[in-house]
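Undergrad: Have a look at this one.
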Amino acid sequence: MSLFKAIVSGFVGACAVTLVNETVRQFVKDAPRLDVLGKRAIAYPLMKMGQEPPPDKELYWITMGSDIVSNSLYYSLIGLGEEENALKNGTYLGLLAGFGAVVLSEPLGLGEEPVNRTRNTEIMTVFWYLAGGLAAAATYKMLSED
């Protein structure tokens, strides 16, 4: 495993999820709101500690940065598998993240609406994260070619 290849691949996967979400949500009514999910994940713990969350615009940019970092680390797990299994492993990583977001958002206190508003919202949520896993896999495979 090359740490550099894994981190670069994870970063590409994270950017793919963010780019798809931020683009599609501008045009599709039922699109997931991963940005809202992320803002809540940052704001709620602050509020529980008695702290005031940053203003919405600032919170948005903090969320975007946090999402890129956390999703980069997650998708960099692609580097733990064999290079010939990158596509399969990227698929697993993406599906696990997508289904995790749909299933765990409410129990984690982040609400249902951002990713569970409609059946289409749930499906798109899974596909956005799957796109990230496939982007990470394709990048890892490309960087692994001699």
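Residues in the structure tokens are numbered from 1 in each chain, the chains being A, B, ... in the order shown, and ligands are numbered from 1 in the order shown.
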If we count only C-alpha atoms, what is near Lys57 (chain A) at a cut-off of 12 Å, once residues fewer than 4 positions away on the same chain are taken out, given as an mmCIF file with N, CA and C atoms, in the first residue's frame?
TA:
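Contents of part.cif, freshly written:
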```
data_model
loop_
_atom_site.group_PDB
_atom_site.id
_atom_site.type_symbol
_atom_site.label_atom_id
_atom_site.label_comp_id
_atom_site.auth_asym_id
_atom_site.auth_seq_id
_atom_site.Cartn_x
_atom_site.Cartn_y
_atom_site.Cartn_z
ATOM 1 N N ASP A 35 -24.922 18.908 2.659
ATOM 2 C CA ASP A 35 -24.405 20.123 3.295
ATOM 3 C C ASP A 35 -25.149 20.406 4.597
ATOM 4 N N VAL A 36 -26.455 20.207 4.609
ATOM 5 C CA VAL A 36 -27.249 20.418 5.824
ATOM 6 C C VAL A 36 -26.879 19.375 6.873
ATOM 7 N N LYS A 39 -23.607 20.466 8.330
ATOM 8 C CA LYS A 39 -23.747 21.634 9.210
ATOM 9 C C LYS A 39 -24.326 21.213 10.561
ATOM 10 N N PRO A 53 -23.011 28.135 17.518
ATOM 11 C CA PRO A 53 -22.390 27.764 16.239
ATOM 12 C C PRO A 53 -22.079 29.014 15.422
ATOM 13 N N TRP A 61 -18.941 26.862 5.038
ATOM 14 C CA TRP A 61 -17.568 26.658 4.577
ATOM 15 C C TRP A 61 -16.783 25.753 5.518
ATOM 16 N N ILE A 62 -17.058 25.851 6.806
ATOM 17 C CA ILE A 62 -16.440 24.922 7.757
ATOM 18 C C ILE A 62 -16.894 23.504 7.434
ATOM 19 N N THR A 63 -18.168 23.358 7.131
ATOM 20 C CA THR A 63 -18.720 22.054 6.777
ATOM 21 C C THR A 63 -18.078 21.500 5.514
ATOM 22 N N MET A 64 -17.946 22.340 4.488
ATOM 23 C CA MET A 64 -17.340 21.867 3.243
ATOM 24 C C MET A 64 -15.912 21.370 3.491
#
```
Undergrad: Region 19-21 of chain A: which residues within 8 Å, counting only C-alpha atoms, same-chain residues fewer than 3 positions away excluded, as a PyMOL selection string?
TA: chain A and resi 15-16+24-25+31-34+128
Undergrad: Just checking: using only C-alpha atoms, which residue out of A:Phe127, A:Val17, A:Lys88, A:Glu58 ends up closest to Val102 (chain A)?
TA: A:Phe127
Undergrad: Set the distance at 10 Å and use only C-alpha atoms: which residues neighbour Ala131 (chain A) once local chain neighbours fewer than 5 positions away are removed? I'd like the list as a PDB file with C-alpha atoms, in the first residue's frame.
TA:
```pdb
ATOM      1  CA  GLY A  13     -13.501  10.420  -3.901  1.00  0.00           C
ATOM      2  CA  ALA A  14     -14.370  13.114  -1.360  1.00  0.00           C
ATOM      3  CA  ALA A  16     -16.586  13.689  -6.235  1.00  0.00           C
ATOM      4  CA  VAL A  17     -19.250  13.350  -3.516  1.00  0.00           C
ATOM      5  CA  VAL A  20     -22.098  15.951  -7.247  1.00  0.00           C
ATOM      6  CA  GLY A  90     -14.529   1.347  -3.791  1.00  0.00           C
ATOM      7  CA  THR A  91     -18.027   0.028  -4.421  1.00  0.00           C
ATOM      8  CA  GLY A  94     -19.357   3.972  -1.312  1.00  0.00           C
ATOM      9  CA  LEU A  95     -22.369   1.789  -0.572  1.00  0.00           C
ATOM     10  CA  GLY A  98     -24.398   5.941   1.473  1.00  0.00           C
ATOM     11  CA  THR A 125     -27.706   9.779  -1.210  1.00  0.00           C
ATOM     12  CA  VAL A 126     -26.471   6.226  -1.724  1.00  0.00           C
ATOM     13  CA  ALA A 136     -11.475   6.792  -5.328  1.00  0.00           C
ATOM     14  CA  ALA A 137     -11.173   3.320  -6.857  1.00  0.00           C
TER      15      ALA A 137
END
```
Undergrad: CA of Thr18 (chain A) and CA of Lys141 (chain A), how far apart in Å?
TA: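 That distance, rounded to one decimal, is 21.2 Å.
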Undergrad: I need the residue nearest Leu46 (chain A) from this list: A:Leu87, A:Leu80, A:Leu59, A:Ala6. Use only C-alpha atoms for the distance.
TA: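 Counting only C-alpha atoms, the residue closest to Leu46 (chain A) is A:Leu59.
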Undergrad: For Arg117 (chain A), work out the shell of residues within 9 Å, counting only C-alpha atoms and skipping chain neighbours fewer than 4 positions away, then give it as a ChimeraX atom specification.
TA: /A:30-32,112-113,121-122
Undergrad: Could you save those same residues with N, CA and C atoms as a short mmCIF file (atom, residue, chain, number, x, y, z; two decimals), in the first residue's frame?
TA:
```
data_model
loop_
_atom_site.label_atom_id
_atom_site.label_comp_id
_atom_site.auth_asym_id
_atom_site.auth_seq_id
_atom_site.Cartn_x
_atom_site.Cartn_y
_atom_site.Cartn_z
N ASP A 30 -35.63 17.06 -4.94
CA ASP A 30 -35.48 15.98 -3.97
C ASP A 30 -34.04 15.58 -3.70
N ALA A 31 -33.09 16.35 -4.20
CA ALA A 31 -31.68 16.00 -4.00
C ALA A 31 -31.33 15.98 -2.51
N PRO A 32 -30.43 15.09 -2.14
CA PRO A 32 -29.99 15.07 -0.74
C PRO A 32 -29.35 16.41 -0.36
N GLU A 112 -33.96 13.46 9.69
CA GLU A 112 -34.22 12.61 8.53
C GLU A 112 -34.24 13.39 7.22
N GLU A 113 -34.72 14.62 7.27
CA GLU A 113 -35.01 15.36 6.05
C GLU A 113 -33.83 15.48 5.07
N THR A 121 -34.60 10.79 -2.67
CA THR A 121 -33.53 11.40 -1.89
C THR A 121 -32.62 10.33 -1.31
N GLU A 122 -33.21 9.28 -0.79
CA GLU A 122 -32.43 8.18 -0.22
C GLU A 122 -31.56 7.51 -1.30
#
```
Undergrad: As a ChimeraX atom specification, please: every residue in chain A that a backbone DSSP assignment puts in alpha helix (DSSP H).
TA: /A:3-24,34-48,56-75,86-104,113-116,119-144
Undergrad: Need to verify the contact set: Gly79 (chain A), 12 Å, only C-alpha atoms, exclusion of same-chain residues closer than 6 positions in sequence. Can you return it as a PDB file with C-alpha atoms, in the first residue's frame?
TA:
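And here's part_11.pdb as it stands now:
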```
ATOM      1  CA  MET A   1       0.000   0.000   0.000  1.00  0.00           C
ATOM      2  CA  SER A   2       1.217   3.449  -0.837  1.00  0.00           C
ATOM      3  CA  LEU A   3       0.002   6.066   1.613  1.00  0.00           C
ATOM      4  CA  PHE A   4       0.311   8.772  -1.040  1.00  0.00           C
ATOM      5  CA  LYS A   5      -1.869   6.836  -3.519  1.00  0.00           C
ATOM      6  CA  ALA A   6      -4.452   6.126  -0.830  1.00  0.00           C
ATOM      7  CA  ILE A   7      -4.669   9.759   0.314  1.00  0.00           C
ATOM      8  CA  VAL A   8      -4.869  11.155  -3.220  1.00  0.00           C
ATOM      9  CA  SER A   9      -7.531   8.584  -4.111  1.00  0.00           C
ATOM     10  CA  GLY A  10      -9.495   9.413  -0.970  1.00  0.00           C
ATOM     11  CA  SER A  72     -10.902  11.925   2.142  1.00  0.00           C
ATOM     12  CA  LEU A  73      -9.784   9.926   5.154  1.00  0.00           C
ATOM     13  CA  ASN A  85      -9.737  -5.254  -5.982  1.00  0.00           C
ATOM     14  CA  ALA A  86      -9.922  -1.453  -6.070  1.00  0.00           C
ATOM     15  CA  LEU A  87     -13.221  -1.299  -7.958  1.00  0.00           C
ATOM     16  CA  ASN A  89     -13.526  -2.112  -2.556  1.00  0.00           C
ATOM     17  CA  GLY A  90     -14.529   1.347  -3.791  1.00  0.00           C
ATOM     18  CA  LEU A  93     -16.887   1.851   0.644  1.00  0.00           C
ATOM     19  CA  GLY A 133     -16.099   5.260  -3.819  1.00  0.00           C
ATOM     20  CA  ALA A 136     -11.475   6.792  -5.328  1.00  0.00           C
ATOM     21  CA  ALA A 137     -11.173   3.320  -6.857  1.00  0.00           C
ATOM     22  CA  ALA A 138     -10.516   4.627 -10.372  1.00  0.00           C
ATOM     23  CA  THR A 139      -7.894   7.029  -9.061  1.00  0.00           C
ATOM     24  CA  TYR A 140      -6.202   4.332  -6.993  1.00  0.00           C
ATOM     25  CA  LYS A 141      -6.133   1.986  -9.956  1.00  0.00           C
ATOM     26  CA  LEU A 143      -2.024   5.654  -9.733  1.00  0.00           C
ATOM     27  CA  SER A 144      -1.129   1.974  -9.306  1.00  0.00           C
TER      28      SER A 144
END
```
Undergrad: Report, in Å to a single decimal, how far apart CA of Ala97 (chain A) and CA of Tyr129 (chain A) are.
TA: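 Atom-to-atom, CA of Tyr129 (chain A) and CA of Ala97 (chain A) are spaced 6.0 Å apart.
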Undergrad: Check the smallest atom-to-atom distance from each of A:Phe27, A:Leu37, A:Ser66, A:Leu134 to Asn116 (chain A) using only C-alpha atoms, then report the winner.
TA: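 Among A:Phe27, A:Leu37, A:Ser66, A:Leu134, it is A:Leu37 that comes nearest to Asn116 (chain A).
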Undergrad: Under the rule that only C-alpha atoms are counted, which of A:Gln51, A:Arg40, A:Met124, A:Glu22 is the nearest residue to Leu108 (chain A)?
TA: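 Smallest separation from Leu108 (chain A) among the options: A:Arg40.
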Undergrad: Grab the CA of Pro55 (chain A) to CA of Leu110 (chain A) distance for me, in Å with one decimal place.
TA: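 So the answer is 18.2 Å.
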